[in-house]
Every structure is written in C-alpha cells, then in structure tokens.
Amino acid sequence: MSYSQNNSEFEVFKKIINYEIGKGSTGIYIQCEKPKTSFDQKKFREQTGLEVPENILNEIEQNATKSSDGNWNSELISELSYGSDFFKSNKCLTKKGAELILKTTTKRQTIVSISEPIFDNNYEICVVSVTYWKFNGSAYGHRYFLKKVYGMWTVIVEYGTWMT
C-alpha cells in the first residue's frame, strides 16, 4: 500500500469518528477489525438518487472486489483530539473483546466497527460501512458515501441502513 492510501484511510477513519461524535455519540469503543466492504452500484443508485458518473461507480465497484479484512491501528484513536468522555478505551477492541463487553454487561454500549474504505482510482470518493453494537445480538449499520471537497473528506450521503 502506498502512503497516500494509508493517509486517505486515516483521514476517512477520522472523518467517520468526527461525524459520529457530531451526532452526539459519546462513550464509544472502536473495534480493531475493519471488515471488507462490498459495493453494488445499482443499490447505491436506488437508495441515494445521486447522479454520480458511471465511471466513478465502476471504479468503486471494481475496487470493492479487492477489499479485504484488516485491522485499524490502535494508535489512530490516540491521534484523535477528544477527551476521555468520547472513548471508553484509548485502544481499539478485538472482536472477542467486543463480544466479551456485550456479554458481561447489562448496560447499553456503543461499539463501532468501521470497514475498510473503498476508493475510486483518484482517492477522491469513497464508500465505507459502519456497524454499531448496542447489546448482545443487537446491531445496526449503514454506509457512508464520502467525497473529498477542498482537501477535506465530506459525508455526502448515508444510505443502506439495516438493523437486527
């Protein structure tokens, strides 16, 4: 992976966390594993109504086929400038650690899993999936479509919402 891709992934990670905190999320855990991301341009068009050039959607769809599971670096959390109110741990959780927290506590939790971002070939547009666990067996999530605007990642639309 090139440095620009790693930097873009970190910028998207940071944007998603900032976006969640902006929505009022506090006391969250971040899961280390970043699941691979899929992309279906037909569903994207149906759910968003956005008029994105077909070549861009083709690039994202093709790059999604190369998506793989990975891990976020725990140090990314410490690089974010938020106090202890926002994160319950300054390290990300393993999947087993997240399952243990949900199993052993009866209180509502917020464990956030951010997938591997899928970029277009120019790293100017991306899609990322976010999953939230609140209780054992209770999860929901959606996808974000982001675009780099004046050098900053901007959430254009949230789509593909699901829940269990």
# chains A, B, ... in the order shown; residues from 1 in each chain; ligands from 1
>>> residues_around(residues="stretch 115-123 of chain A", least_positions_apart="2", cutoff="7 Å", atoms="only C-alpha atoms", output="list in words")
Glu9, Lys34, Pro35, Lys36, Thr37, Ile56, Glu59, Ile60, Asn63, Ala64, Ser113, Ile125, Cys126, Val127, Val128, Ser129 and Val130 of chain A
>>> write_last_selection(atoms="all heavy atoms", output="CSV table (one decimal), in the first residue's frame")
chain,number,residue,atom,x,y,z
A,9,GLU,N,-7.0,6.5,4.2
A,9,GLU,CA,-7.7,5.6,5.1
A,9,GLU,C,-7.8,6.3,6.5
A,9,GLU,O,-8.9,6.3,7.1
A,9,GLU,CB,-7.1,4.3,5.2
A,9,GLU,CG,-7.4,3.4,4.0
A,9,GLU,CD,-7.0,1.9,4.3
A,9,GLU,OE1,-6.6,1.6,5.4
A,9,GLU,OE2,-7.2,1.1,3.4
A,34,LYS,N,-11.3,-4.2,10.7
A,34,LYS,CA,-12.1,-3.5,9.7
A,34,LYS,C,-12.5,-4.5,8.6
A,34,LYS,O,-11.7,-5.0,7.8
A,34,LYS,CB,-11.3,-2.3,9.1
A,34,LYS,CG,-9.9,-2.6,8.5
A,34,LYS,CD,-9.3,-1.4,8.0
A,34,LYS,CE,-7.9,-1.6,7.5
A,34,LYS,NZ,-7.2,-0.4,7.0
A,35,PRO,N,-13.8,-4.8,8.6
A,35,PRO,CA,-14.3,-5.8,7.6
A,35,PRO,C,-14.2,-5.3,6.2
A,35,PRO,O,-14.1,-4.1,6.0
A,35,PRO,CB,-15.7,-6.1,8.0
A,35,PRO,CG,-16.1,-5.0,9.0
A,35,PRO,CD,-14.8,-4.4,9.5
A,36,LYS,N,-14.1,-6.2,5.3
A,36,LYS,CA,-14.1,-5.8,3.9
A,36,LYS,C,-15.4,-5.2,3.5
A,36,LYS,O,-16.4,-5.4,4.2
A,36,LYS,CB,-13.7,-7.0,3.0
A,36,LYS,CG,-14.7,-8.1,2.9
A,36,LYS,CD,-14.1,-9.2,2.0
A,36,LYS,CE,-15.1,-10.3,1.8
A,36,LYS,NZ,-14.6,-11.3,0.8
A,37,THR,N,-15.4,-4.4,2.5
A,37,THR,CA,-16.6,-3.6,2.1
A,37,THR,C,-17.0,-4.1,0.7
A,37,THR,O,-16.2,-4.3,-0.2
A,37,THR,CB,-16.2,-2.1,2.0
A,37,THR,OG1,-15.6,-1.7,3.3
A,37,THR,CG2,-17.4,-1.3,1.8
A,56,ILE,N,-17.0,6.5,-12.2
A,56,ILE,CA,-16.6,6.5,-10.8
A,56,ILE,C,-17.2,5.3,-10.1
A,56,ILE,O,-16.5,4.6,-9.3
A,56,ILE,CB,-17.0,7.8,-10.1
A,56,ILE,CG1,-16.3,9.0,-10.8
A,56,ILE,CG2,-16.8,7.8,-8.6
A,56,ILE,CD1,-14.9,9.1,-10.6
A,59,GLU,N,-15.4,2.2,-10.9
A,59,GLU,CA,-14.1,2.1,-10.2
A,59,GLU,C,-14.3,1.6,-8.8
A,59,GLU,O,-13.6,0.7,-8.3
A,59,GLU,CB,-13.4,3.5,-10.2
A,59,GLU,CG,-12.9,3.9,-11.6
A,59,GLU,CD,-12.3,5.3,-11.5
A,59,GLU,OE1,-12.1,5.9,-10.4
A,59,GLU,OE2,-11.9,5.8,-12.6
A,60,ILE,N,-15.3,2.2,-8.1
A,60,ILE,CA,-15.5,1.8,-6.7
A,60,ILE,C,-16.0,0.3,-6.7
A,60,ILE,O,-15.5,-0.4,-5.9
A,60,ILE,CB,-16.6,2.7,-6.1
A,60,ILE,CG1,-16.0,4.1,-5.9
A,60,ILE,CG2,-17.0,2.2,-4.7
A,60,ILE,CD1,-17.0,5.2,-5.5
A,63,ASN,N,-12.9,-1.8,-7.3
A,63,ASN,CA,-12.0,-1.8,-6.2
A,63,ASN,C,-12.6,-2.5,-5.0
A,63,ASN,O,-11.8,-3.1,-4.2
A,63,ASN,CB,-11.6,-0.4,-5.8
A,63,ASN,CG,-10.8,0.3,-6.9
A,63,ASN,OD1,-10.1,-0.4,-7.7
A,63,ASN,ND2,-10.8,1.6,-6.9
A,64,ALA,N,-13.9,-2.6,-4.9
A,64,ALA,CA,-14.5,-3.4,-3.8
A,64,ALA,C,-14.2,-4.9,-3.9
A,64,ALA,O,-14.1,-5.5,-2.9
A,64,ALA,CB,-16.0,-3.2,-3.8
A,113,SER,N,-17.7,-0.4,14.5
A,113,SER,CA,-16.9,-1.1,13.6
A,113,SER,C,-16.9,-0.3,12.3
A,113,SER,O,-18.0,-0.1,11.7
A,113,SER,CB,-17.3,-2.5,13.4
A,113,SER,OG,-16.6,-3.1,12.4
A,125,ILE,N,-13.2,9.9,-3.9
A,125,ILE,CA,-14.5,9.4,-3.5
A,125,ILE,C,-14.3,8.1,-2.8
A,125,ILE,O,-13.5,7.3,-3.2
A,125,ILE,CB,-15.4,9.3,-4.7
A,125,ILE,CG1,-15.7,10.7,-5.3
A,125,ILE,CG2,-16.7,8.6,-4.4
A,125,ILE,CD1,-16.5,10.7,-6.6
A,126,CYS,N,-15.1,7.8,-1.8
A,126,CYS,CA,-15.0,6.5,-1.1
A,126,CYS,C,-16.4,6.1,-0.5
A,126,CYS,O,-17.2,7.0,-0.3
A,126,CYS,CB,-13.9,6.5,-0.1
A,126,CYS,SG,-14.3,6.9,1.5
A,127,VAL,N,-16.5,4.8,-0.2
A,127,VAL,CA,-17.6,4.3,0.4
A,127,VAL,C,-17.1,3.5,1.6
A,127,VAL,O,-16.0,2.8,1.5
A,127,VAL,CB,-18.4,3.3,-0.5
A,127,VAL,CG1,-19.5,2.6,0.3
A,127,VAL,CG2,-19.0,4.0,-1.7
A,128,VAL,N,-17.7,3.6,2.8
A,128,VAL,CA,-17.3,2.9,4.0
A,128,VAL,C,-18.6,2.5,4.7
A,128,VAL,O,-19.6,3.2,4.7
A,128,VAL,CB,-16.4,3.8,4.9
A,128,VAL,CG1,-17.1,5.0,5.4
A,128,VAL,CG2,-15.8,3.0,6.0
A,129,SER,N,-18.5,1.3,5.3
A,129,SER,CA,-19.6,0.8,6.1
A,129,SER,C,-19.3,0.9,7.6
A,129,SER,O,-18.2,0.8,8.0
A,129,SER,CB,-19.8,-0.7,5.8
A,129,SER,OG,-20.2,-0.9,4.5
A,130,VAL,N,-20.4,1.2,8.4
A,130,VAL,CA,-20.2,1.4,9.8
A,130,VAL,C,-21.3,0.5,10.5
A,130,VAL,O,-22.4,0.5,10.1
A,130,VAL,CB,-20.4,2.9,10.2
A,130,VAL,CG1,-20.3,3.0,11.7
A,130,VAL,CG2,-19.4,3.7,9.5
>>> residues_around(residues="A:Thr131", least_positions_apart="3", cutoff="10 Å", atoms="only C-alpha atoms", output="list in words")
Gln31, Pro35, Thr110, Ile111, Val112, Ser113, Ile114, Ser115, Ala139, Tyr140, Gly141, His142, Arg143, Thr161, Trp162 and Met163 of chain A
>>> select_by_dssp(residues="stretch 1-153 of chain A", states="alpha helix (DSSP H)", output="VMD selection string")
chain A and resid 3 to 22 41 to 48 54 to 64 75 to 79 95 to 104
>>> residues_around(residues="A:Gly49", least_positions_apart="5", cutoff="12 Å", atoms="only C-alpha atoms", output="ChimeraX atom specification")
/A:41-44,156-159
>>> write_last_selection(atoms="N, CA and C atoms", output="short mmCIF file (atom, residue, chain, number, x, y, z; two decimals), in the first residue's frame")
data_model
loop_
_atom_site.label_atom_id
_atom_site.label_comp_id
_atom_site.auth_asym_id
_atom_site.auth_seq_id
_atom_site.Cartn_x
_atom_site.Cartn_y
_atom_site.Cartn_z
N GLN A 41 -23.48 -0.86 -7.29
CA GLN A 41 -23.86 0.45 -7.79
C GLN A 41 -25.35 0.57 -8.08
N LYS A 42 -26.01 -0.54 -8.42
CA LYS A 42 -27.45 -0.50 -8.67
C LYS A 42 -28.18 -0.14 -7.37
N LYS A 43 -27.83 -0.81 -6.27
CA LYS A 43 -28.44 -0.50 -4.98
C LYS A 43 -28.09 0.92 -4.55
N PHE A 44 -26.85 1.33 -4.80
CA PHE A 44 -26.43 2.68 -4.46
C PHE A 44 -27.33 3.72 -5.16
N ILE A 156 -21.34 12.81 1.97
CA ILE A 156 -22.33 13.26 1.00
C ILE A 156 -23.69 12.66 1.33
N VAL A 157 -23.71 11.36 1.61
CA VAL A 157 -24.98 10.71 1.92
C VAL A 157 -24.73 9.48 2.79
N GLU A 158 -25.71 9.20 3.64
CA GLU A 158 -25.75 7.99 4.44
C GLU A 158 -26.82 7.13 3.80
N TYR A 159 -26.52 5.86 3.54
CA TYR A 159 -27.51 5.01 2.87
C TYR A 159 -27.33 3.56 3.31
#
>>> closest_residue(among="A:Asn18, A:Asn55, A:Thr106, A:Thr65", to="A:Phe86", atoms="only C-alpha atoms")
A:Asn18
>>> closest_residue(among="A:Arg108, A:Lys103, A:Lys147, A:Lys66", to="A:Ser8", atoms="only C-alpha atoms")
A:Lys147
>>> residues_around(residues="A:Thr105", least_positions_apart="6", cutoff="12 Å", atoms="only C-alpha atoms", output="list in words")
Ala98, Glu99, Lys134, Phe135 and Asn136 of chain A
>>> write_last_selection(atoms="C-alpha atoms", output="mmCIF file, in the first residue's frame")
data_model
loop_
_atom_site.group_PDB
_atom_site.id
_atom_site.type_symbol
_atom_site.label_atom_id
_atom_site.label_comp_id
_atom_site.auth_asym_id
_atom_site.auth_seq_id
_atom_site.Cartn_x
_atom_site.Cartn_y
_atom_site.Cartn_z
ATOM 1 C CA ALA A 98 -16.160 -6.514 21.965
ATOM 2 C CA GLU A 99 -18.165 -9.742 22.389
ATOM 3 C CA LYS A 134 -25.523 -1.815 21.487
ATOM 4 C CA PHE A 135 -26.441 -5.102 23.215
ATOM 5 C CA ASN A 136 -25.530 -8.722 22.608
#
>>> residues_around(residues="A:Ile16", least_positions_apart="3", cutoff="9 Å", atoms="only C-alpha atoms", output="list in words")
Glu11, Val12, Phe13, Tyr19, Glu20, Ile21, Ile114, Val128, Val130, Tyr144 and Val155 of chain A
>>> closest_residue(among="A:Gly160, A:Gln47, A:Leu100, A:Gln109", to="A:Tyr132", atoms="only C-alpha atoms")
A:Gln109
>>> residues_around(residues="A:Glu75", least_positions_apart="3", cutoff="9 Å", atoms="only C-alpha atoms", output="number ranges by chain")
A: 72, 78-79, 90-92
>>> closest_residue(among="A:Met152, A:Thr164, A:Asp40, A:Glu51", to="A:Lys15", atoms="only C-alpha atoms")
A:Met152
>>> atom_distance(atom1="atom CA of A:Ile30", atom2="atom CA of A:Lys95")
10.1 Å
